[in-house]
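K.L.:
Take this structure first; my questions come after.
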Amino acid sequence: MTENHELRVSKIQNGTVIDHVAGGQALNVLALLGIDGTRGETVSVGMNVPSDRLGRKDIVKVEGRELSQSEVDVLSLIAPAASINIVRDYEVVEKSRVVRPETVSGIISCPNTNCISNADEPIKARFTVLSDGVRCDYCDTIVREDEVAANLDVS
Amino acid sequence: MRQDHLISAADLSREDIEAVLDHAAEIDANPAAFRQRHAGKVLGLCFFEPSTRTRMSFDTAMKRLGGQTVDMGPVESSSVKKGETLADTVRVVEGYADSLVLRHPSEGAAQMASEFVDVPLINAGDGAGQHPSQTLLDLYTIRENAGLDDLTIGIMGDLKYGRTVHSLAEALTNFDARQHFVSPESLRLPRNVRYDLHASGSQVKEHTELDEVLPQLDVLYVTRIQRERFPDENEYRKVAGEYQIDMETLEAASDDLTIMHPLPRVDEISSDIDETDHAKYFEQAHNGIPVRMALLDILLSQDR
């Protein structure tokens with residue numbers, strides 16, 4: 001299986017590899033991390049790569065940037081199985097899993113159009129993270145895990 | 001109460017609820033003793049949506065505690081019309097008042113407003129969200145008429161958008177209550193309320209027909225099905241007609257059934273029921289005074 005990846009997405013010298021992302025979520029992962037390529041970093045994306053654990057998985061490699069735990073934890077909402085590898089000089093020096101944060105703010109918009117967080121008020125949408133989704137701290141609307149990606153607010 | 005504000009019934013423990021209801025009973029028994037309790041204090045009434053009962057009963061409750069009220073008046077003639085945010089409005093009004101009562105058409109408005117003010121804020125209805133002070137007077141009425149434990153209650157009507165229903169259902173999870181929800185399929189309880197009821201381990205059942213549960217009920221809590229929730233008039237009439245009660249409906253009910261309604265009603269309870277011992281909705285509305293006096297007294301007496 002590993003050999004397959006190597007063919008598709010080359011190794012990086014220094015940076016972060018986000019592996020075991022649910023198939024089809026790689027672009028949402030990049031959006032959530034605010035990585036759009038405009039800062040010149042080399043980004044490689046493999047999508048729907050065969051995986052023993054997930055069936056199909058996505059993999060994202062960001063050259064020249066080490067992502068912190070707090071930066072990657074938010075990925076747990078759309079890619080709960082993701083693993084994070086910090087690479088230095090082609091070697092994995094740190095390996096970790098994403099940990100679900102207690103709350104997330106400003107990255108998901110509330111799907112309830114009548115929620116005060118969608119009005120012109122000086123607040124950001126804020127959600128409490130549940131075991132299977134998130135819940136709006138203002139209007140209590142529950143967004144299930146499979147609905148989170150459709151409600152990302154990363155513009 | 002543990003918190004400075006009253007935003008959602010989900011914030012209330014059984015102890016919190018009983019403290020308010022016990023205090024309300026004390027006030028009800030001897031209102032004169034509380035006449036000067038909050039002399040010199042001011043309650044700010046911020047109603048961004050029409051209200052008769054809630055606005056008047058908070059106004060009356062504060063005055064019967066010796067305090068005064070300031071009312072921002074209708075939205076049409078206020079600074080909101082000029083585009084002021086709610087966050088700014090409540091920060092200004094908290095400078096005029098010792099506590100605020102807020103009604104707003106957006107869900108979550110009271111939660112947001114409470115994050116911008118230091119005085120106690122009471123949610124008097126946020127869109128289709130919550131209406132916890134109504135719940136306290138509902139619970140007071142239930143306790144007086146049927147008791148809050150070993151209770152079988154039917155809650156009927158617009159369960160999806162009915163904020164009094166959401167608050168009541170959440171609060172009843174603190175008691176030994178079996179809750180039956182009766183509504184058309186399209187107006188079932190929203191996902192978040194069902195989630196909380198499930199998490200609390202409460203005994204909950206959903207029905208589309210009242211006659212499935214009516215004979216076993218101690219309390220029937222009826223709410224209005226709103227015309228604007230339906231795409232066309234015919235659909236509304238068809239559905240609404242199935243959730244109206246009259247003397248004939250009550251033939252299957254227990255003699256001790258207590259019928260409640262947060263009011264206003266349109267035609268969901270026929271007026272001939274008003275004269276029966278079942279009808280407690282006017283008593284329920286009147287209970288708004290001692291219960292809101294108790295709530296205000298508790299919130300205004302907390303050490304800040």
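Identifiers for the structure tokens are assigned positionally: chains receive A, B, ... in sequence, residues are indexed from 1 per chain, and ligands are indexed from 1 in the order shown.
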Can you pull out the residues contacting stretch 10-24 of chain A? Cut-off 9 Å, using only C-alpha atoms, and skip same-chain residues under 4 positions away; I want them as a PyMOL selection string.

P.N.:
chain A and resi 5-6+28-29+44+47-49+51+53-67+72+75+78-91

K.L.:
Pull out every residue of chain B that has at least one atom within 9 Å of chain A, counting only C-alpha atoms, and report them as a ChimeraX atom specification.

P.N.:
/B:85-88,105-112,126-129,190-193,195

K.L.:
Using only C-alpha atoms, which protein or nucleic acid residues come within 8 Å of stretch 248-262 of chain B? Drop anything in the same chain fewer than 4 positions from it, and give the result as a count of residues only.

P.N.:
23

K.L.:
In Å, with one decimal, what is the gap from atom CA of A:Cys110 to atom CA of A:Leu130?

P.N.:
15.0 Å

K.L.:
Report as number ranges by chain: the residues of chain A with a DSSP assignment of strand (DSSP E), based on the backbone of this structure.

P.N.:
A: 15-22, 43-51, 55-63, 83-88, 91-97, 103-105, 126-130, 133-136, 142-144

K.L.:
Fewer than 4 positions away in the same chain doesn't count, so skip those; otherwise give me all residues within 9 Å of B:Tyr140, counting only C-alpha atoms, as an MDAnalysis selection string.

P.N.:
chainID B and resid 20:22 24:25 135:136 144:145 148 284 287 291

K.L.:
Please produce a file of those selected residues containing N, CA, C and O atoms, as a PDB file, in the first residue's frame.

P.N.:
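As written to disk, part_17.pdb reads:
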ATOM      1  N   VAL B  20     -37.415  28.620  42.702  1.00  0.00           N
ATOM      2  CA  VAL B  20     -38.285  29.662  42.128  1.00  0.00           C
ATOM      3  C   VAL B  20     -39.751  29.368  42.462  1.00  0.00           C
ATOM      4  O   VAL B  20     -40.495  30.258  42.896  1.00  0.00           O
ATOM      5  N   LEU B  21     -40.162  28.110  42.297  1.00  0.00           N
ATOM      6  CA  LEU B  21     -41.579  27.784  42.531  1.00  0.00           C
ATOM      7  C   LEU B  21     -41.960  27.953  44.006  1.00  0.00           C
ATOM      8  O   LEU B  21     -43.040  28.466  44.320  1.00  0.00           O
ATOM      9  N   ASP B  22     -41.060  27.531  44.897  1.00  0.00           N
ATOM     10  CA  ASP B  22     -41.344  27.698  46.332  1.00  0.00           C
ATOM     11  C   ASP B  22     -41.452  29.178  46.689  1.00  0.00           C
ATOM     12  O   ASP B  22     -42.323  29.598  47.450  1.00  0.00           O
ATOM     13  N   ALA B  24     -42.212  31.580  44.640  1.00  0.00           N
ATOM     14  CA  ALA B  24     -43.437  32.106  44.022  1.00  0.00           C
ATOM     15  C   ALA B  24     -44.654  31.809  44.915  1.00  0.00           C
ATOM     16  O   ALA B  24     -45.539  32.662  45.081  1.00  0.00           O
ATOM     17  N   ALA B  25     -44.674  30.615  45.502  1.00  0.00           N
ATOM     18  CA  ALA B  25     -45.793  30.252  46.384  1.00  0.00           C
ATOM     19  C   ALA B  25     -45.809  31.152  47.624  1.00  0.00           C
ATOM     20  O   ALA B  25     -46.879  31.578  48.090  1.00  0.00           O
ATOM     21  N   THR B 135     -41.806  28.688  31.069  1.00  0.00           N
ATOM     22  CA  THR B 135     -41.716  27.325  31.603  1.00  0.00           C
ATOM     23  C   THR B 135     -41.871  27.313  33.117  1.00  0.00           C
ATOM     24  O   THR B 135     -42.535  26.439  33.674  1.00  0.00           O
ATOM     25  N   LEU B 136     -41.267  28.295  33.783  1.00  0.00           N
ATOM     26  CA  LEU B 136     -41.387  28.317  35.244  1.00  0.00           C
ATOM     27  C   LEU B 136     -42.845  28.496  35.666  1.00  0.00           C
ATOM     28  O   LEU B 136     -43.304  27.852  36.619  1.00  0.00           O
ATOM     29  N   GLU B 144     -49.257  22.886  41.010  1.00  0.00           N
ATOM     30  CA  GLU B 144     -50.470  23.198  41.768  1.00  0.00           C
ATOM     31  C   GLU B 144     -51.620  22.241  41.440  1.00  0.00           C
ATOM     32  O   GLU B 144     -52.435  21.928  42.301  1.00  0.00           O
ATOM     33  N   ASN B 145     -51.690  21.812  40.177  1.00  0.00           N
ATOM     34  CA  ASN B 145     -52.865  21.058  39.730  1.00  0.00           C
ATOM     35  C   ASN B 145     -52.676  19.558  39.635  1.00  0.00           C
ATOM     36  O   ASN B 145     -53.626  18.810  39.817  1.00  0.00           O
ATOM     37  N   LEU B 148     -45.581  17.472  40.087  1.00  0.00           N
ATOM     38  CA  LEU B 148     -44.526  17.365  39.075  1.00  0.00           C
ATOM     39  C   LEU B 148     -43.878  15.982  39.007  1.00  0.00           C
ATOM     40  O   LEU B 148     -43.129  15.700  38.081  1.00  0.00           O
ATOM     41  N   GLN B 284     -53.028  29.768  34.606  1.00  0.00           N
ATOM     42  CA  GLN B 284     -51.630  29.668  34.178  1.00  0.00           C
ATOM     43  C   GLN B 284     -51.075  31.063  33.828  1.00  0.00           C
ATOM     44  O   GLN B 284     -49.984  31.438  34.279  1.00  0.00           O
ATOM     45  N   ASN B 287     -50.523  33.092  36.894  1.00  0.00           N
ATOM     46  CA  ASN B 287     -49.358  32.648  37.663  1.00  0.00           C
ATOM     47  C   ASN B 287     -48.068  33.320  37.190  1.00  0.00           C
ATOM     48  O   ASN B 287     -47.046  33.266  37.869  1.00  0.00           O
ATOM     49  N   VAL B 291     -44.673  34.098  39.757  1.00  0.00           N
ATOM     50  CA  VAL B 291     -43.472  33.372  39.307  1.00  0.00           C
ATOM     51  C   VAL B 291     -42.413  34.359  38.805  1.00  0.00           C
ATOM     52  O   VAL B 291     -41.227  34.233  39.123  1.00  0.00           O
TER      53      VAL B 291
END

K.L.:
For stretch 99-104 of chain B, list every protein, DNA or RNA residue within 10 Å, evaluated using only C-alpha atoms, and leave out those in the same chain fewer than 4 positions away; present the list as a PyMOL selection string.

P.N.:
(chain A and resi 116) or (chain B and resi 4-7+41-51+54-55+58-59+69-71+86+90+93-95+108-110+113-114+117-128+131+296+299-300)

K.L.:
Quick check for you: according to DSSP on this backbone, which residues of stretch 131-227 of chain B are classed as alpha helix (DSSP H)? Reply as an NGL selection string.

P.N.:
:B and (132-145 or 163-172 or 191-200)

K.L.:
What gap, in Å, lies between atom CA of B:Thr208 and atom CA of A:Pro111?

P.N.:
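Interatomic distance here is 27.4 Å.
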